[in-house]
>>> print(open('query_32.txt').read())   # compact mmCIF, C-alpha atoms and all ligand atoms
# COMPACT_ATOMS: atom_id res chain seq x y z
CA MET A 26 -16.04 -7.57 -12.95
CA ILE A 27 -13.82 -7.13 -9.89
CA ASP A 28 -15.28 -6.72 -6.38
CA LEU A 29 -12.72 -4.70 -4.45
CA TYR A 30 -12.77 -4.63 -0.64
CA THR A 31 -10.72 -1.64 0.29
CA TRP A 32 -10.05 1.60 2.15
CA ALA A 33 -8.08 4.72 1.24
CA THR A 34 -4.67 3.64 2.54
CA PRO A 35 -1.38 3.12 0.66
CA ASN A 36 -2.05 -0.61 0.24
CA GLY A 37 -5.57 0.09 -0.97
CA HIS A 38 -4.41 2.79 -3.39
CA LYS A 39 -1.93 0.45 -5.05
CA VAL A 40 -4.79 -1.64 -6.35
CA HIS A 41 -7.00 1.37 -7.14
CA ILE A 42 -4.17 2.76 -9.30
CA LEU A 43 -3.60 -0.45 -11.22
CA LEU A 44 -7.31 -0.99 -11.86
CA GLU A 45 -7.63 2.59 -13.11
CA GLU A 46 -4.54 2.20 -15.32
CA LEU A 47 -5.92 -1.03 -16.76
CA GLY A 48 -9.39 0.43 -17.26
CA LEU A 49 -10.88 -2.66 -15.62
CA PRO A 50 -14.37 -2.15 -14.19
CA TYR A 51 -14.52 -2.66 -10.43
CA THR A 52 -17.02 -2.22 -7.63
CA VAL A 53 -15.73 -0.71 -4.40
CA PHE A 54 -16.88 -2.31 -1.14
CA PRO A 55 -15.59 -0.04 1.65
CA ILE A 56 -14.06 -1.84 4.64
CA ASN A 57 -13.80 0.75 7.38
CA ILE A 58 -10.77 -0.55 9.25
CA ARG A 59 -11.22 1.98 12.07
CA ALA A 60 -14.73 0.69 12.72
CA GLY A 61 -13.58 -2.96 12.79
CA GLU A 62 -15.19 -4.09 9.54
CA GLN A 63 -12.04 -6.08 8.73
CA PHE A 64 -13.08 -8.56 11.43
CA GLU A 65 -16.44 -9.43 9.92
CA GLU A 66 -16.69 -13.12 9.02
CA SER A 67 -17.65 -12.44 5.41
CA PHE A 68 -14.51 -10.33 4.94
CA LEU A 69 -12.25 -12.81 6.76
CA GLU A 70 -13.34 -15.49 4.31
CA ILE A 71 -11.61 -13.49 1.56
CA SER A 72 -8.89 -11.91 3.68
CA PRO A 73 -7.92 -14.22 6.56
CA ASN A 74 -5.25 -11.77 7.77
CA ASN A 75 -7.94 -9.11 8.50
CA ARG A 76 -6.28 -6.56 6.24
CA ILE A 77 -7.40 -4.61 3.18
CA PRO A 78 -7.18 -4.78 0.20
CA ALA A 79 -8.91 -7.97 -0.93
CA MET A 80 -10.83 -8.80 -4.05
CA ILE A 81 -12.99 -11.24 -5.95
CA ASP A 82 -12.46 -11.61 -9.68
CA ARG A 83 -15.82 -12.86 -10.89
CA ASP A 84 -14.55 -13.21 -14.43
CA PRO A 85 -11.13 -14.90 -14.42
CA VAL A 86 -9.48 -16.04 -17.65
CA LYS A 87 -10.20 -19.63 -16.63
CA GLY A 88 -12.27 -21.46 -14.02
CA ASP A 89 -14.41 -20.26 -11.12
CA GLN A 90 -14.21 -16.87 -9.45
CA ILE A 91 -10.94 -16.13 -7.66
CA THR A 92 -10.63 -14.47 -4.24
CA MET A 93 -7.40 -12.78 -3.24
CA PHE A 94 -5.75 -10.90 -0.38
CA GLU A 95 -2.23 -9.32 -0.22
CA SER A 96 -1.83 -6.28 -2.46
CA GLY A 97 1.40 -7.48 -4.11
CA ALA A 98 -0.22 -10.73 -5.21
CA MET A 99 -3.20 -8.76 -6.50
CA LEU A 100 -0.96 -6.44 -8.54
CA ILE A 101 0.84 -9.38 -10.16
CA TYR A 102 -2.43 -11.19 -10.88
CA LEU A 103 -4.12 -8.17 -12.49
CA ALA A 104 -1.02 -7.14 -14.46
CA GLU A 105 -0.70 -10.67 -15.83
CA LYS A 106 -4.39 -10.91 -16.61
CA LEU A 107 -4.18 -7.87 -18.90
CA GLY A 108 -0.54 -8.34 -19.94
CA ARG A 109 0.47 -4.82 -18.86
CA PHE A 110 2.81 -3.15 -16.35
CA LEU A 111 4.77 -6.41 -15.77
CA PRO A 112 6.97 -7.93 -18.49
CA GLY A 113 6.09 -11.52 -19.35
CA LEU A 114 8.27 -14.63 -19.11
CA GLU A 115 9.70 -13.87 -22.56
CA ASN A 116 11.57 -10.99 -20.90
CA PRO A 117 13.08 -12.58 -17.78
CA LYS A 118 15.41 -9.66 -17.00
CA GLY A 119 12.69 -7.02 -17.18
CA ARG A 120 10.26 -9.20 -15.27
CA SER A 121 12.76 -9.98 -12.53
CA GLU A 122 13.57 -6.29 -12.07
CA VAL A 123 9.91 -5.41 -11.58
CA MET A 124 9.50 -8.33 -9.18
CA GLN A 125 12.56 -7.31 -7.15
CA TRP A 126 11.32 -3.76 -6.63
CA LEU A 127 7.80 -4.96 -5.93
CA MET A 128 9.07 -7.36 -3.26
CA TRP A 129 11.29 -4.59 -1.88
CA GLN A 130 8.16 -2.52 -1.36
CA MET A 131 6.21 -5.38 0.19
CA GLY A 132 8.99 -6.48 2.56
CA GLY A 133 10.61 -3.10 3.28
CA ILE A 134 8.77 0.10 2.48
CA GLY A 135 5.32 -1.03 3.63
CA PRO A 136 6.22 -2.55 7.01
CA MET A 137 8.95 -0.01 7.89
CA PHE A 138 7.03 3.13 6.88
CA GLY A 139 4.00 1.71 8.68
CA GLN A 140 5.99 1.25 11.89
CA ALA A 141 7.53 4.72 11.52
CA SER A 142 4.12 6.36 11.53
CA HIS A 143 2.96 4.06 14.32
CA PHE A 144 5.77 5.12 16.66
CA ARG A 145 5.96 8.74 15.50
CA GLU A 146 2.19 9.39 15.67
CA TYR A 147 -0.22 6.77 16.96
CA ALA A 148 1.81 5.38 19.87
CA ARG A 149 2.42 8.94 21.07
CA GLU A 150 -1.30 9.10 21.97
CA ARG A 151 -0.80 6.47 24.70
CA GLU A 152 2.88 6.14 25.65
CA SER A 153 5.52 8.47 27.05
CA LEU A 154 8.25 9.68 24.73
CA ASP A 155 10.81 7.89 26.95
CA ARG A 156 9.31 4.54 26.13
CA LEU A 157 8.95 5.34 22.44
CA GLN A 158 12.21 7.00 21.53
CA TYR A 159 14.02 3.83 20.49
CA GLY A 160 11.16 2.80 18.18
CA ILE A 161 10.88 6.31 16.74
CA ASP A 162 14.61 6.42 15.97
CA ARG A 163 14.75 2.88 14.66
CA TYR A 164 11.93 3.29 12.12
CA THR A 165 12.70 6.88 11.16
CA ASN A 166 16.29 5.82 10.41
CA GLU A 167 15.07 2.82 8.48
CA SER A 168 12.69 5.06 6.46
CA HIS A 169 15.60 7.35 5.60
CA ARG A 170 17.69 4.36 4.56
CA LEU A 171 14.91 3.14 2.27
CA TYR A 172 14.46 6.62 0.77
CA ARG A 173 18.22 6.67 0.05
CA VAL A 174 17.96 3.30 -1.72
CA LEU A 175 15.00 4.61 -3.75
CA ASP A 176 16.73 7.89 -4.59
CA LYS A 177 19.83 6.07 -5.81
CA ARG A 178 17.78 3.69 -7.91
CA LEU A 179 15.94 6.61 -9.53
CA ASP A 180 19.15 8.45 -10.43
CA LYS A 181 18.96 8.83 -14.25
CA ARG A 182 15.91 6.59 -14.37
CA ASP A 183 12.33 7.69 -14.91
CA TYR A 184 10.86 4.58 -13.29
CA LEU A 185 12.01 1.87 -10.92
CA ALA A 186 12.36 -0.98 -13.40
CA GLY A 187 12.41 0.10 -17.05
CA GLU A 188 8.96 1.25 -18.10
CA TYR A 189 6.33 2.42 -15.60
CA SER A 190 5.25 -0.81 -13.88
CA ILE A 191 3.55 -2.37 -10.87
CA ALA A 192 6.78 -1.67 -8.95
CA ASP A 193 6.15 2.09 -9.25
CA ILE A 194 2.47 1.55 -8.54
CA ALA A 195 3.33 -0.31 -5.32
CA VAL A 196 5.88 2.17 -3.98
CA TRP A 197 4.25 5.46 -4.98
CA PRO A 198 1.29 5.55 -2.53
CA TRP A 199 3.73 4.97 0.34
CA CYS A 200 5.63 8.13 -0.65
CA ARG A 201 2.62 10.46 -0.42
CA GLU A 202 3.19 11.52 3.18
CA PRO A 203 6.95 11.66 3.77
CA GLY A 204 6.50 13.82 6.88
CA ARG A 205 4.79 10.91 8.64
CA ARG A 206 8.06 8.96 8.32
CA GLY A 207 10.13 11.96 9.43
CA VAL A 208 11.46 12.41 5.88
CA ASP A 209 12.01 15.72 4.05
CA PRO A 210 11.33 15.06 0.33
CA ASN A 211 13.79 17.79 -0.65
CA ASP A 212 16.60 15.54 0.64
CA PHE A 213 15.68 13.02 -2.08
CA PRO A 214 15.33 14.95 -5.38
CA ASN A 215 15.17 11.87 -7.62
CA VAL A 216 12.32 10.46 -5.55
CA ARG A 217 10.59 13.85 -5.60
CA ASP A 218 10.78 14.08 -9.43
CA TRP A 219 9.61 10.48 -9.88
CA PHE A 220 6.79 11.08 -7.39
CA ASP A 221 5.54 14.08 -9.41
CA ARG A 222 5.88 12.14 -12.69
CA VAL A 223 3.64 9.34 -11.38
CA ALA A 224 1.25 11.78 -9.65
CA ASP A 225 0.60 13.45 -13.02
CA ARG A 226 -0.93 10.31 -14.51
CA PRO A 227 -4.72 10.66 -14.91
CA ALA A 228 -5.31 7.12 -13.59
CA VAL A 229 -3.34 7.93 -10.45
CA LYS A 230 -5.35 11.12 -9.92
CA ARG A 231 -8.60 9.16 -10.21
CA ALA A 232 -7.38 6.32 -7.99
CA THR A 233 -6.36 8.48 -5.06
CA LYS A 234 -9.88 9.88 -4.87
CA VAL A 235 -11.33 6.41 -4.12
CA LEU A 236 -12.89 6.52 -0.61
CA SER A 237 -10.74 9.55 0.25
CA LYS A 238 -13.67 11.41 1.82
CA GLU A 239 -14.74 8.41 3.92
CA SER A 240 -11.25 7.51 5.17
CA VAL A 241 -10.17 10.67 6.96
CA ARG A 242 -7.78 9.74 9.79
CA PRO A 243 -8.79 10.80 13.28
CA THR A 244 -6.36 13.04 15.12
CA LYS A 245 -6.86 10.85 18.20
CA HIS A 246 -8.22 7.32 18.62
CA ASP A 247 -10.89 6.72 21.25
CA ASP A 248 -10.65 3.48 23.27
CA GLU A 249 -12.81 1.55 20.83
CA ALA A 250 -10.82 2.67 17.76
CA TRP A 251 -7.53 1.96 19.58
CA SER A 252 -8.66 -1.55 20.49
CA ILE A 253 -9.65 -2.18 16.86
CA MET A 254 -6.46 -0.87 15.29
CA PHE A 255 -3.79 -1.70 17.84
CA GLY A 256 -5.26 -3.50 20.86
CA ASP A 257 -7.54 -6.28 22.06
CA LYS A 258 -9.62 -6.52 18.90
CA GLN A 259 -6.46 -7.38 16.95
CA PHE A 260 -4.91 -9.80 19.41
CA ASN A 261 -7.67 -11.36 21.52
CA ARG A 262 -10.31 -12.36 19.05
N1 LIG A 301 0.80 -6.97 3.28
C1 LIG A 301 -0.56 -6.49 3.23
C2 LIG A 301 -0.73 -5.38 4.23
C3 LIG A 301 -2.15 -4.87 4.24
C4 LIG A 301 -2.39 -3.88 5.36
O1 LIG A 301 -1.56 -3.70 6.26
N2 LIG A 301 -3.55 -3.23 5.33
C5 LIG A 301 -3.92 -2.30 6.38
C6 LIG A 301 -4.32 -0.96 5.78
S1 LIG A 301 -2.97 -0.28 4.81
C7 LIG A 301 -5.14 -2.86 7.10
O2 LIG A 301 -6.01 -3.44 6.50
N3 LIG A 301 -5.21 -2.69 8.42
C8 LIG A 301 -6.31 -3.19 9.17
C9 LIG A 301 -5.88 -3.75 10.49
O3 LIG A 301 -4.73 -3.49 10.90
O4 LIG A 301 -6.68 -4.45 11.12
C10 LIG A 301 -0.88 -6.03 1.82
O5 LIG A 301 0.01 -5.48 1.18
O6 LIG A 301 -2.02 -6.23 1.35
>>> encode(input="query_32.txt", output="structure tokens")
Amino acid sequence: MIDLYTWATPNGHKVHILLEELGLPYTVFPINIRAGEQFEESFLEISPNNRIPAMIDRDPVKGDQITMFESGAMLIYLAEKLGRFLPGLENPKGRSEVMQWLMWQMGGIGPMFGQASHFREYARERESLDRLQYGIDRYTNESHRLYRVLDKRLDKRDYLAGEYSIADIAVWPWCREPGRRGVDPNDFPNVRDWFDRVADRPAVKRATKVLSKESVRPTKHDDEAWSIMFGDKQFNR
């Protein structure tokens, strides 16, 4: 059994999707990141970087229970445990392709799209447009660049790296709200078709419902929520 500490965000949904695809039983422990639950000691013991998702595998293939943070590491671990959605070492080319696109998501899409919505939406609650414009342009441009890379990769390909894999599972939740990155999906038809192809999967439909009612984003952060997400609670603990 997997204990999953999570919230309905792109990084959380990556793991929800893979668990649903694998049919592995899991218990959801909601970590409300707007209420500051990511700073509770019991959570930090599993996830020292105060970020969701995190998990405990109480039934590993070998040895004592395993705790994990970092969604990419969790995807690799779970895919390897069940031998699905990531080619094994007997297929080094296929495996390396999945790994490359997974790392591309972890190092590029996640951080850049995250900053794009920070500057385009959240920071606008507190800062003047004058102070923000550089950041807005920088991360919106970077989001467009990444969409172009993705669109090119998906030209004449159904999935990012051969068969549907943890690379698609990692990138897909980040493409759900292109408007938040200042991107028009119609400018990237290959991404749009791939997005719909993945969205049609029953496991993906089930996964995106996880905690979706609980995790509604506020239109504006009060002082407490701001401190938790972007202020003192993050930096002066
Ligand atoms: N690289 C990490 C990023 C995780 C991450 O940024 N999680 C966000 C939600 S998507 C979070 O927990 N934020 C809480 C906070 O900022 O304190 C991963 O992929 O697991």
>>> closest_residue(input="query_32.txt", among="A:Gln125, A:Ser153, A:Gln130, A:Ser142", to="A:Ala186", atoms="only C-alpha atoms")
A:Gln125
>>> residues_around(input="query_32.txt", residues="stretch 165-179 of chain A", least_positions_apart="6", cutoff="7 Å", atoms="only C-alpha atoms", output="PDB file with C-alpha atoms, keeping the file's coordinate frame")
ATOM      1  CA  ILE A 134       8.770   0.100   2.480  1.00  0.00           C
ATOM      2  CA  MET A 137       8.950  -0.010   7.890  1.00  0.00           C
ATOM      3  CA  PHE A 138       7.030   3.130   6.880  1.00  0.00           C
ATOM      4  CA  ALA A 141       7.530   4.720  11.520  1.00  0.00           C
ATOM      5  CA  LEU A 185      12.010   1.870 -10.920  1.00  0.00           C
ATOM      6  CA  ARG A 206       8.060   8.960   8.320  1.00  0.00           C
ATOM      7  CA  GLY A 207      10.130  11.960   9.430  1.00  0.00           C
ATOM      8  CA  VAL A 208      11.460  12.410   5.880  1.00  0.00           C
ATOM      9  CA  PHE A 213      15.680  13.020  -2.080  1.00  0.00           C
ATOM     10  CA  ASN A 215      15.170  11.870  -7.620  1.00  0.00           C
ATOM     11  CA  VAL A 216      12.320  10.460  -5.550  1.00  0.00           C
TER      12      VAL A 216
END
>>> closest_atom_pairs(input="query_32.txt", of="chain A", to="ligand LIG 301 (chain A)", cutoff="9 Å", atoms="all atoms listed in the file", output="JSON lines")
{"residue": "A:Thr31", "atom": "CA", "partner": "A:LIG301", "partner_atom": "O2", "distance": 8.0}
{"residue": "A:Trp32", "atom": "CA", "partner": "A:LIG301", "partner_atom": "C6", "distance": 7.3}
{"residue": "A:Ala33", "atom": "CA", "partner": "A:LIG301", "partner_atom": "S1", "distance": 8.0}
{"residue": "A:Thr34", "atom": "CA", "partner": "A:LIG301", "partner_atom": "S1", "distance": 4.8}
{"residue": "A:Pro35", "atom": "CA", "partner": "A:LIG301", "partner_atom": "S1", "distance": 5.6}
{"residue": "A:Asn36", "atom": "CA", "partner": "A:LIG301", "partner_atom": "S1", "distance": 4.7}
{"residue": "A:Gly37", "atom": "CA", "partner": "A:LIG301", "partner_atom": "S1", "distance": 6.3}
{"residue": "A:His38", "atom": "CA", "partner": "A:LIG301", "partner_atom": "S1", "distance": 8.9}
{"residue": "A:Lys39", "atom": "CA", "partner": "A:LIG301", "partner_atom": "O5", "distance": 8.8}
{"residue": "A:Ile56", "atom": "CA", "partner": "A:LIG301", "partner_atom": "O2", "distance": 8.4}
{"residue": "A:Asn57", "atom": "CA", "partner": "A:LIG301", "partner_atom": "C8", "distance": 8.7}
{"residue": "A:Ile58", "atom": "CA", "partner": "A:LIG301", "partner_atom": "C8", "distance": 5.2}
{"residue": "A:Arg59", "atom": "CA", "partner": "A:LIG301", "partner_atom": "C8", "distance": 7.7}
{"residue": "A:Gly61", "atom": "CA", "partner": "A:LIG301", "partner_atom": "O4", "distance": 7.3}
{"residue": "A:Glu62", "atom": "CA", "partner": "A:LIG301", "partner_atom": "O4", "distance": 8.7}
{"residue": "A:Gln63", "atom": "CA", "partner": "A:LIG301", "partner_atom": "O4", "distance": 6.1}
{"residue": "A:Phe64", "atom": "CA", "partner": "A:LIG301", "partner_atom": "O4", "distance": 7.6}
{"residue": "A:Asn74", "atom": "CA", "partner": "A:LIG301", "partner_atom": "O4", "distance": 8.2}
{"residue": "A:Asn75", "atom": "CA", "partner": "A:LIG301", "partner_atom": "O4", "distance": 5.5}
{"residue": "A:Arg76", "atom": "CA", "partner": "A:LIG301", "partner_atom": "O2", "distance": 3.1}
{"residue": "A:Ile77", "atom": "CA", "partner": "A:LIG301", "partner_atom": "O2", "distance": 3.8}
{"residue": "A:Pro78", "atom": "CA", "partner": "A:LIG301", "partner_atom": "O6", "distance": 5.5}
{"residue": "A:Ala79", "atom": "CA", "partner": "A:LIG301", "partner_atom": "O6", "distance": 7.5}
{"residue": "A:Phe94", "atom": "CA", "partner": "A:LIG301", "partner_atom": "O6", "distance": 6.2}
{"residue": "A:Glu95", "atom": "CA", "partner": "A:LIG301", "partner_atom": "O6", "distance": 3.5}
{"residue": "A:Ser96", "atom": "CA", "partner": "A:LIG301", "partner_atom": "O6", "distance": 3.8}
{"residue": "A:Gly97", "atom": "CA", "partner": "A:LIG301", "partner_atom": "O5", "distance": 5.8}
{"residue": "A:Ala98", "atom": "CA", "partner": "A:LIG301", "partner_atom": "O6", "distance": 8.2}
{"residue": "A:Met99", "atom": "CA", "partner": "A:LIG301", "partner_atom": "O6", "distance": 8.3}
{"residue": "A:Met131", "atom": "CA", "partner": "A:LIG301", "partner_atom": "O5", "distance": 6.3}
{"residue": "A:Gly132", "atom": "CA", "partner": "A:LIG301", "partner_atom": "N1", "distance": 8.2}
{"residue": "A:Gly135", "atom": "CA", "partner": "A:LIG301", "partner_atom": "O5", "distance": 7.3}
{"residue": "A:Pro136", "atom": "CA", "partner": "A:LIG301", "partner_atom": "O1", "distance": 7.9}
{"residue": "A:Gly139", "atom": "CA", "partner": "A:LIG301", "partner_atom": "O1", "distance": 8.1}
{"residue": "A:Ala195", "atom": "CA", "partner": "A:LIG301", "partner_atom": "O5", "distance": 8.9}
{"residue": "A:Ile253", "atom": "CA", "partner": "A:LIG301", "partner_atom": "O4", "distance": 6.8}
{"residue": "A:Met254", "atom": "CA", "partner": "A:LIG301", "partner_atom": "O3", "distance": 5.4}
{"residue": "A:Phe255", "atom": "CA", "partner": "A:LIG301", "partner_atom": "O3", "distance": 7.2}
{"residue": "A:Lys258", "atom": "CA", "partner": "A:LIG301", "partner_atom": "O4", "distance": 8.6}
{"residue": "A:Gln259", "atom": "CA", "partner": "A:LIG301", "partner_atom": "O4", "distance": 6.5}
>>> atom_distance(input="query_32.txt", atom1="atom CA of A:Glu122", atom2="atom CA of A:Ala232")
24.8 Å
>>> residues_near_point(input="query_32.txt", point="(7.5, 7.7, 19.5)", cutoff="12 Å", atoms="all atoms listed in the file", output="number ranges by chain")
A: 140-165, 205-207
>>> build_atoms(input="query_32.txt", residues="stretch 70-100 of chain A", atoms="N, CA and C atoms", output="JSON list (two decimals), in the frame of the given file")
[["chain", "number", "residue", "atom", "x", "y", "z"],
["A", 70, "GLU", "N", -13.35, -14.37, 5.26],
["A", 70, "GLU", "CA", -13.34, -15.49, 4.31],
["A", 70, "GLU", "C", -12.48, -15.17, 3.08],
["A", 71, "ILE", "N", -12.44, -13.89, 2.71],
["A", 71, "ILE", "CA", -11.61, -13.49, 1.56],
["A", 71, "ILE", "C", -10.21, -13.10, 2.03],
["A", 72, "SER", "N", -10.16, -12.48, 3.20],
["A", 72, "SER", "CA", -8.89, -11.91, 3.68],
["A", 72, "SER", "C", -8.62, -12.41, 5.10],
["A", 73, "PRO", "N", -8.07, -13.61, 5.24],
["A", 73, "PRO", "CA", -7.92, -14.22, 6.56],
["A", 73, "PRO", "C", -6.99, -13.47, 7.50],
["A", 74, "ASN", "N", -6.19, -12.56, 6.95],
["A", 74, "ASN", "CA", -5.25, -11.77, 7.77],
["A", 74, "ASN", "C", -5.88, -10.46, 8.26],
["A", 75, "ASN", "N", -7.18, -10.32, 8.15],
["A", 75, "ASN", "CA", -7.94, -9.11, 8.50],
["A", 75, "ASN", "C", -7.29, -7.79, 8.05],
["A", 76, "ARG", "N", -6.86, -7.78, 6.81],
["A", 76, "ARG", "CA", -6.28, -6.56, 6.24],
["A", 76, "ARG", "C", -6.90, -6.29, 4.87],
["A", 77, "ILE", "N", -7.06, -4.98, 4.56],
["A", 77, "ILE", "CA", -7.40, -4.61, 3.18],
["A", 77, "ILE", "C", -6.09, -4.43, 2.43],
["A", 78, "PRO", "N", -6.06, -4.51, 1.10],
["A", 78, "PRO", "CA", -7.18, -4.78, 0.20],
["A", 78, "PRO", "C", -7.39, -6.28, -0.01],
["A", 79, "ALA", "N", -8.60, -6.60, -0.51],
["A", 79, "ALA", "CA", -8.91, -7.97, -0.93],
["A", 79, "ALA", "C", -9.84, -7.85, -2.12],
["A", 80, "MET", "N", -9.95, -8.93, -2.89],
["A", 80, "MET", "CA", -10.83, -8.80, -4.05],
["A", 80, "MET", "C", -11.38, -10.14, -4.51],
["A", 81, "ILE", "N", -12.45, -10.07, -5.27],
["A", 81, "ILE", "CA", -12.99, -11.24, -5.95],
["A", 81, "ILE", "C", -13.00, -10.91, -7.44],
["A", 82, "ASP", "N", -12.35, -11.75, -8.22],
["A", 82, "ASP", "CA", -12.46, -11.61, -9.68],
["A", 82, "ASP", "C", -13.55, -12.58, -10.12],
["A", 83, "ARG", "N", -14.68, -12.03, -10.51],
["A", 83, "ARG", "CA", -15.82, -12.86, -10.89],
["A", 83, "ARG", "C", -15.69, -13.38, -12.33],
["A", 84, "ASP", "N", -14.67, -12.87, -13.02],
["A", 84, "ASP", "CA", -14.55, -13.21, -14.43],
["A", 84, "ASP", "C", -13.10, -13.54, -14.78],
["A", 85, "PRO", "N", -12.53, -14.59, -14.13],
["A", 85, "PRO", "CA", -11.13, -14.90, -14.42],
["A", 85, "PRO", "C", -10.96, -15.48, -15.82],
["A", 86, "VAL", "N", -9.74, -15.53, -16.30],
["A", 86, "VAL", "CA", -9.48, -16.04, -17.65],
["A", 86, "VAL", "C", -9.94, -17.49, -17.75],
["A", 87, "LYS", "N", -9.86, -18.21, -16.62],
["A", 87, "LYS", "CA", -10.20, -19.63, -16.63],
["A", 87, "LYS", "C", -10.80, -20.00, -15.27],
["A", 88, "GLY", "N", -11.76, -20.88, -15.27],
["A", 88, "GLY", "CA", -12.27, -21.46, -14.02],
["A", 88, "GLY", "C", -13.22, -20.56, -13.25],
["A", 89, "ASP", "N", -13.47, -20.98, -12.00],
["A", 89, "ASP", "CA", -14.41, -20.26, -11.12],
["A", 89, "ASP", "C", -13.81, -18.94, -10.63],
["A", 90, "GLN", "N", -14.67, -18.16, -9.99],
["A", 90, "GLN", "CA", -14.21, -16.87, -9.45],
["A", 90, "GLN", "C", -13.02, -17.07, -8.51],
["A", 91, "ILE", "N", -12.17, -16.04, -8.45],
["A", 91, "ILE", "CA", -10.94, -16.13, -7.66],
["A", 91, "ILE", "C", -10.99, -15.07, -6.56],
["A", 92, "THR", "N", -10.72, -15.47, -5.31],
["A", 92, "THR", "CA", -10.63, -14.47, -4.24],
["A", 92, "THR", "C", -9.15, -14.29, -3.90],
["A", 93, "MET", "N", -8.81, -13.07, -3.52],
["A", 93, "MET", "CA", -7.40, -12.78, -3.24],
["A", 93, "MET", "C", -7.25, -11.78, -2.10],
["A", 94, "PHE", "N", -6.20, -11.95, -1.28],
["A", 94, "PHE", "CA", -5.75, -10.90, -0.38],
["A", 94, "PHE", "C", -4.26, -10.71, -0.65],
["A", 95, "GLU", "N", -3.63, -9.73, -0.02],
["A", 95, "GLU", "CA", -2.23, -9.32, -0.22],
["A", 95, "GLU", "C", -2.10, -8.50, -1.52],
["A", 96, "SER", "N", -1.84, -7.21, -1.32],
["A", 96, "SER", "CA", -1.83, -6.28, -2.46],
["A", 96, "SER", "C", -0.80, -6.65, -3.52],
["A", 97, "GLY", "N", 0.38, -7.15, -3.11],
["A", 97, "GLY", "CA", 1.40, -7.48, -4.11],
["A", 97, "GLY", "C", 0.93, -8.60, -5.02],
["A", 98, "ALA", "N", 0.31, -9.61, -4.42],
["A", 98, "ALA", "CA", -0.22, -10.73, -5.21],
["A", 98, "ALA", "C", -1.31, -10.24, -6.15],
["A", 99, "MET", "N", -2.12, -9.30, -5.66],
["A", 99, "MET", "CA", -3.20, -8.76, -6.50],
["A", 99, "MET", "C", -2.63, -7.98, -7.69],
["A", 100, "LEU", "N", -1.57, -7.21, -7.44],
["A", 100, "LEU", "CA", -0.96, -6.44, -8.54],
["A", 100, "LEU", "C", -0.42, -7.39, -9.61]]
